[in-house]
Amino acid sequence: MRREPSPVRRLEPGEPTLAAQHAVSDAVFARYQAFVHREAGIWLAPVKKALLVGRLSRRLRELSLTSFAEYLDLVQADEAERVRMLDRITTNETHFFREPRHFELLEQRLFPRWREEADAGRRARRVRVWSAGCSTGEEPYSLAMCLLEAFPPESGWDLEILATDLSTRVLERAQAGIFSMERAPEIPASRLQAFMLRGTGRQEGFMKAGPELRRLIRFSRLNLNAPAYPALGRFDLVFCRNVLIYFDAAGKARVAARLLEHLAPDGHLFLGHAESLSGMALPARSVVPTVYVHEAPPADVLAPSGDSRRA
Ligand SMILES: C[S@@+](CC[C@H](N)C(=O)[O-])C[C@H]1O[C@@H](n2cnc3c(N)ncnc32)[C@H](O)[C@@H]1O
């Protein structure tokens with residue numbers, strides 16, 4: 001008799017076996033769901049069970065734990081383990097100059113306008129940027145390259161980028177500023193040459209962000225879902241791209257409302273290509289898809305970056 005092909009889906013490489021997935025009962029998964037949601041705002045839909053198992057199994061083995069319930073008990077009792085667990089749960093995919101239309105908007109519309117306004121005495125020669133959910137740093141380094149090109153040191157502009165993330169693991173990598181040369185094609189050749197250092201000898205195959213870029217950026221851990229943020233001041237640009245996509249609707253609206261409060265007058269909020277504030281009843285107006293300004297900006301036009309220079 002001819003055998004029918006099995007209807008069972010093959011496991012992807014690296015995906016935990018079904019037996020491993022069954023190691024997390026629905027009840028335990030629901031506990032993880034509630035915990036991660038409360039801590040980080042991230043909503044783990046039921047289909048994310050395999051992802052949870054895949055990302056945490058190794059840690060359980062390292063700690064010689066045999067159940068996911070036990071690990072959650074540990075995480076709940078131990079702050080350092082909580083940070084480690086959230087490090088593993090987050091999705092950190094990113095690249096240089098992601099969503100080129102955002103960078104075109106900066107270079108073609110916003111930067112020339114700011115220069116004109118500064119020349120006319122209507123704004124300070126200062127730009128403050130926040131990359132919220134900066135992952136391994138490609139986003140803030142891309143912003144730094146654009147800013148330095150548009151406002152070189154001799155122009156007298158004061159530039160500052162705050163780059164934050166929940167994950168300490170990605171922040172360490174971002175701070176080191178070292179990237180595989182495989183990433184080089186994402187950076188326009190002229191910028192690559194001007195701002196990135198090519199590794200030689202033992203560093204062959206890697207590139208490092210140059211000192212001008214690194215001087216501009218301050219990295220810090222910040223949980224966007226925390227009940228309160230430190231005193232950050234206001235920003236001309238807030239990039240929070242491909243972060244809120246992991247939040248549920250209420251969490252998205254709550255964080256977006258706070259990001260809008262951190263915009264300077266004429267400040268712009270940039271979201272990821274699949275994100276939008278529509279239907280959220282927020283005081284925001286879209287200037288182009290995924291880019292927003294505050295509908296009722298504060299009036300201190302001559303001090304666009306607020307008084308608070310440091311978080
Ligand atoms: C997919 S990456 C996006 C990186 C970059 N913004 C981009 O668009 O290329 C999402 C980042 O958001 C961070 N993240 C997730 N939840 C967060 C939270 N509650 N607070 C701060 N960062 C968070 C993750 O750690 C991750 O590095």
# chains A, B, ... in the order shown; residues from 1 in each chain; ligands from 1
call {"tool": "residues_near_ligand", "arguments": {"ligand": "ligand 1", "cutoff": "9 Å", "atoms": "only C-alpha atoms and all ligand atoms", "output": "MDAnalysis selection string"}}
result
chainID A and resid 37 39:42 86:99 131:140 164:171 221:226 239:247 271:273
call {"tool": "write_last_selection", "arguments": {"atoms": "C-alpha atoms", "output": "CSV table (one decimal), in the first residue's frame"}}
result
chain,number,residue,atom,x,y,z
A,37,HIS,CA,4.0,41.7,29.6
A,39,GLU,CA,7.9,43.8,33.0
A,40,ALA,CA,8.7,44.7,29.4
A,41,GLY,CA,5.3,45.4,27.8
A,42,ILE,CA,6.1,42.7,25.2
A,86,LEU,CA,14.6,39.7,29.2
A,87,ASP,CA,17.8,39.9,27.3
A,88,ARG,CA,17.0,36.5,25.8
A,89,ILE,CA,13.4,37.2,25.1
A,90,THR,CA,13.9,40.3,23.1
A,91,THR,CA,14.2,40.3,19.3
A,92,ASN,CA,17.1,42.5,18.2
A,93,GLU,CA,17.1,42.4,14.4
A,94,THR,CA,18.4,45.7,13.0
A,95,HIS,CA,20.6,47.1,10.3
A,96,PHE,CA,22.3,50.3,9.2
A,97,PHE,CA,20.2,52.9,7.4
A,98,ARG,CA,17.1,50.8,7.9
A,99,GLU,CA,14.1,52.4,6.2
A,131,SER,CA,17.1,56.1,19.6
A,132,ALA,CA,14.7,54.2,21.9
A,133,GLY,CA,15.1,50.5,21.3
A,134,CYS,CA,18.5,50.9,19.7
A,135,SER,CA,19.4,47.2,19.7
A,136,THR,CA,23.1,46.6,18.7
A,137,GLY,CA,23.6,50.3,17.6
A,138,GLU,CA,23.1,50.3,13.9
A,139,GLU,CA,20.3,52.9,14.2
A,140,PRO,CA,22.1,55.4,16.4
A,164,THR,CA,18.6,53.1,24.9
A,165,ASP,CA,17.4,49.6,25.1
A,166,LEU,CA,16.0,47.1,27.5
A,167,SER,CA,18.6,44.5,26.7
A,168,THR,CA,22.0,44.8,28.4
A,169,ARG,CA,23.4,42.3,25.9
A,170,VAL,CA,22.7,44.4,22.9
A,171,LEU,CA,23.8,47.6,24.6
A,221,ARG,CA,19.5,50.8,29.7
A,222,LEU,CA,15.9,52.1,29.7
A,223,ASN,CA,12.8,50.0,29.8
A,224,LEU,CA,10.1,51.8,27.8
A,225,ASN,CA,7.5,50.0,29.9
A,226,ALA,CA,8.9,51.3,33.2
A,239,PHE,CA,13.4,57.1,16.7
A,240,CYS,CA,11.4,54.2,18.2
A,241,ARG,CA,11.2,51.8,15.3
A,242,ASN,CA,10.3,48.2,15.3
A,243,VAL,CA,9.9,48.1,19.1
A,244,LEU,CA,6.3,48.8,19.8
A,245,ILE,CA,5.4,46.1,17.3
A,246,TYR,CA,6.0,43.6,20.2
A,247,PHE,CA,3.6,45.4,22.5
A,271,LEU,CA,8.1,54.5,14.0
A,272,GLY,CA,8.8,51.3,12.1
A,273,HIS,CA,7.4,50.6,8.7
call {"tool": "atom_distance", "arguments": {"atom1": "CA of Val127 in chain A", "atom2": "CA of Phe235 in chain A"}}
result
7.6 Å
call {"tool": "atom_distance", "arguments": {"atom1": "CA of Pro185 in chain A", "atom2": "CA of Arg113 in chain A"}}
result
29.8 Å
call {"tool": "closest_atom_pairs", "arguments": {"of": "range 196-266 of chain A", "to": "range 287-295 of chain A", "cutoff": "9 Å", "atoms": "only C-alpha atoms", "output": "CSV"}}
result
residue,atom,partner,partner_atom,distance
A:Leu260,CA,A:His294,CA,6.1
A:Glu261,CA,A:His294,CA,8.0
A:Leu263,CA,A:His294,CA,7.2
A:Ala264,CA,A:His294,CA,8.7
A:Pro265,CA,A:His294,CA,7.8
A:Asp266,CA,A:Val293,CA,6.7
call {"tool": "select_by_dssp", "arguments": {"residues": "range 212-248 of chain A", "states": "strand (DSSP E)", "output": "list in words"}}
result
Ile217, Arg218, Phe219, Ser220, Arg221, Phe235, Asp236, Leu237, Val238, Phe239 and Cys240 of chain A
call {"tool": "write_last_selection", "arguments": {"atoms": "C-alpha atoms", "output": "CSV table (one decimal), in the first residue's frame"}}
result
chain,number,residue,atom,x,y,z
A,217,ILE,CA,26.3,58.7,21.4
A,218,ARG,CA,25.5,57.9,25.0
A,219,PHE,CA,24.1,54.3,25.6
A,220,SER,CA,21.9,53.5,28.6
A,221,ARG,CA,19.5,50.8,29.7
A,235,PHE,CA,14.3,65.6,21.7
A,236,ASP,CA,14.2,66.9,18.1
A,237,LEU,CA,14.1,63.4,16.9
A,238,VAL,CA,12.8,60.3,18.6
A,239,PHE,CA,13.4,57.1,16.7
A,240,CYS,CA,11.4,54.2,18.2
call {"tool": "select_by_dssp", "arguments": {"residues": "range 24-269 of chain A", "states": "helix (DSSP H, G or I)", "output": "number ranges by chain"}}
result
A: 26-40, 46-62, 68-77, 79-89, 100-119, 138-150, 153-155, 168-176, 181-186, 189-195, 201-203, 211-216, 244-246, 249-261
call {"tool": "decode", "arguments": {"residues": "range 192-280 of chain A", "atoms": "C-alpha atoms", "output": "mmCIF file, in the first residue's frame"}}
result
data_model
loop_
_atom_site.group_PDB
_atom_site.id
_atom_site.type_symbol
_atom_site.label_atom_id
_atom_site.label_comp_id
_atom_site.auth_asym_id
_atom_site.auth_seq_id
_atom_site.Cartn_x
_atom_site.Cartn_y
_atom_site.Cartn_z
ATOM 1 C CA LEU A 192 31.927 54.009 5.376
ATOM 2 C CA GLN A 193 35.172 55.679 4.441
ATOM 3 C CA ALA A 194 34.563 58.800 6.516
ATOM 4 C CA PHE A 195 33.293 57.247 9.723
ATOM 5 C CA MET A 196 34.145 53.537 10.057
ATOM 6 C CA LEU A 197 37.545 52.016 10.806
ATOM 7 C CA ARG A 198 38.403 48.771 9.032
ATOM 8 C CA GLY A 199 39.925 46.101 11.257
ATOM 9 C CA THR A 200 43.317 44.626 10.409
ATOM 10 C CA GLY A 201 45.261 41.651 11.768
ATOM 11 C CA ARG A 202 43.199 39.976 14.470
ATOM 12 C CA GLN A 203 40.353 42.444 13.739
ATOM 13 C CA GLU A 204 40.252 41.460 10.054
ATOM 14 C CA GLY A 205 36.649 41.025 8.944
ATOM 15 C CA PHE A 206 35.363 43.636 11.401
ATOM 16 C CA MET A 207 34.828 47.390 11.333
ATOM 17 C CA LYS A 208 34.588 49.812 14.222
ATOM 18 C CA ALA A 209 32.643 53.040 14.553
ATOM 19 C CA GLY A 210 35.128 55.914 14.509
ATOM 20 C CA PRO A 211 35.698 58.231 17.495
ATOM 21 C CA GLU A 212 33.563 61.080 16.024
ATOM 22 C CA LEU A 213 30.541 58.792 15.983
ATOM 23 C CA ARG A 214 31.216 57.297 19.371
ATOM 24 C CA ARG A 215 31.650 60.709 20.986
ATOM 25 C CA LEU A 216 28.132 61.677 19.936
ATOM 26 C CA ILE A 217 26.262 58.715 21.391
ATOM 27 C CA ARG A 218 25.498 57.866 25.009
ATOM 28 C CA PHE A 219 24.138 54.349 25.612
ATOM 29 C CA SER A 220 21.919 53.548 28.557
ATOM 30 C CA ARG A 221 19.486 50.849 29.670
ATOM 31 C CA LEU A 222 15.908 52.106 29.657
ATOM 32 C CA ASN A 223 12.771 50.000 29.830
ATOM 33 C CA LEU A 224 10.109 51.777 27.791
ATOM 34 C CA ASN A 225 7.517 49.952 29.861
ATOM 35 C CA ALA A 226 8.881 51.275 33.174
ATOM 36 C CA PRO A 227 6.351 53.244 35.242
ATOM 37 C CA ALA A 228 8.518 56.375 34.897
ATOM 38 C CA TYR A 229 11.489 57.417 32.744
ATOM 39 C CA PRO A 230 14.487 59.312 34.114
ATOM 40 C CA ALA A 231 14.619 63.056 33.372
ATOM 41 C CA LEU A 232 15.577 62.937 29.707
ATOM 42 C CA GLY A 233 14.529 66.378 28.489
ATOM 43 C CA ARG A 234 13.073 66.859 25.034
ATOM 44 C CA PHE A 235 14.349 65.639 21.694
ATOM 45 C CA ASP A 236 14.224 66.949 18.145
ATOM 46 C CA LEU A 237 14.058 63.375 16.867
ATOM 47 C CA VAL A 238 12.766 60.286 18.635
ATOM 48 C CA PHE A 239 13.367 57.051 16.738
ATOM 49 C CA CYS A 240 11.365 54.184 18.215
ATOM 50 C CA ARG A 241 11.235 51.840 15.268
ATOM 51 C CA ASN A 242 10.261 48.186 15.287
ATOM 52 C CA VAL A 243 9.945 48.134 19.075
ATOM 53 C CA LEU A 244 6.260 48.778 19.791
ATOM 54 C CA ILE A 245 5.383 46.068 17.291
ATOM 55 C CA TYR A 246 5.981 43.591 20.152
ATOM 56 C CA PHE A 247 3.612 45.432 22.531
ATOM 57 C CA ASP A 248 -0.156 45.007 22.847
ATOM 58 C CA ALA A 249 -2.455 47.892 21.790
ATOM 59 C CA ALA A 250 -2.736 49.450 25.266
ATOM 60 C CA GLY A 251 1.032 49.263 25.864
ATOM 61 C CA LYS A 252 1.757 50.762 22.437
ATOM 62 C CA ALA A 253 -0.542 53.716 23.110
ATOM 63 C CA ARG A 254 0.888 54.266 26.597
ATOM 64 C CA VAL A 255 4.513 54.312 25.409
ATOM 65 C CA ALA A 256 3.736 56.380 22.291
ATOM 66 C CA ALA A 257 2.015 59.018 24.482
ATOM 67 C CA ARG A 258 5.163 59.309 26.601
ATOM 68 C CA LEU A 259 7.447 59.475 23.574
ATOM 69 C CA LEU A 260 5.331 62.353 22.223
ATOM 70 C CA GLU A 261 5.804 64.180 25.539
ATOM 71 C CA HIS A 262 9.558 63.969 24.974
ATOM 72 C CA LEU A 263 9.402 65.768 21.637
ATOM 73 C CA ALA A 264 10.742 69.319 21.393
ATOM 74 C CA PRO A 265 8.610 71.863 19.496
ATOM 75 C CA ASP A 266 8.859 70.729 15.857
ATOM 76 C CA GLY A 267 10.255 67.411 17.132
ATOM 77 C CA HIS A 268 9.514 64.300 15.079
ATOM 78 C CA LEU A 269 8.687 60.762 16.203
ATOM 79 C CA PHE A 270 9.728 57.960 13.832
ATOM 80 C CA LEU A 271 8.088 54.528 14.042
ATOM 81 C CA GLY A 272 8.843 51.336 12.119
ATOM 82 C CA HIS A 273 7.369 50.627 8.684
ATOM 83 C CA ALA A 274 4.644 48.358 10.098
ATOM 84 C CA GLU A 275 3.717 50.668 12.979
ATOM 85 C CA SER A 276 1.190 53.468 13.209
ATOM 86 C CA LEU A 277 -0.517 55.663 15.801
ATOM 87 C CA SER A 278 -3.831 55.668 13.958
ATOM 88 C CA GLY A 279 -6.836 54.881 16.119
ATOM 89 C CA MET A 280 -4.956 55.669 19.334
#
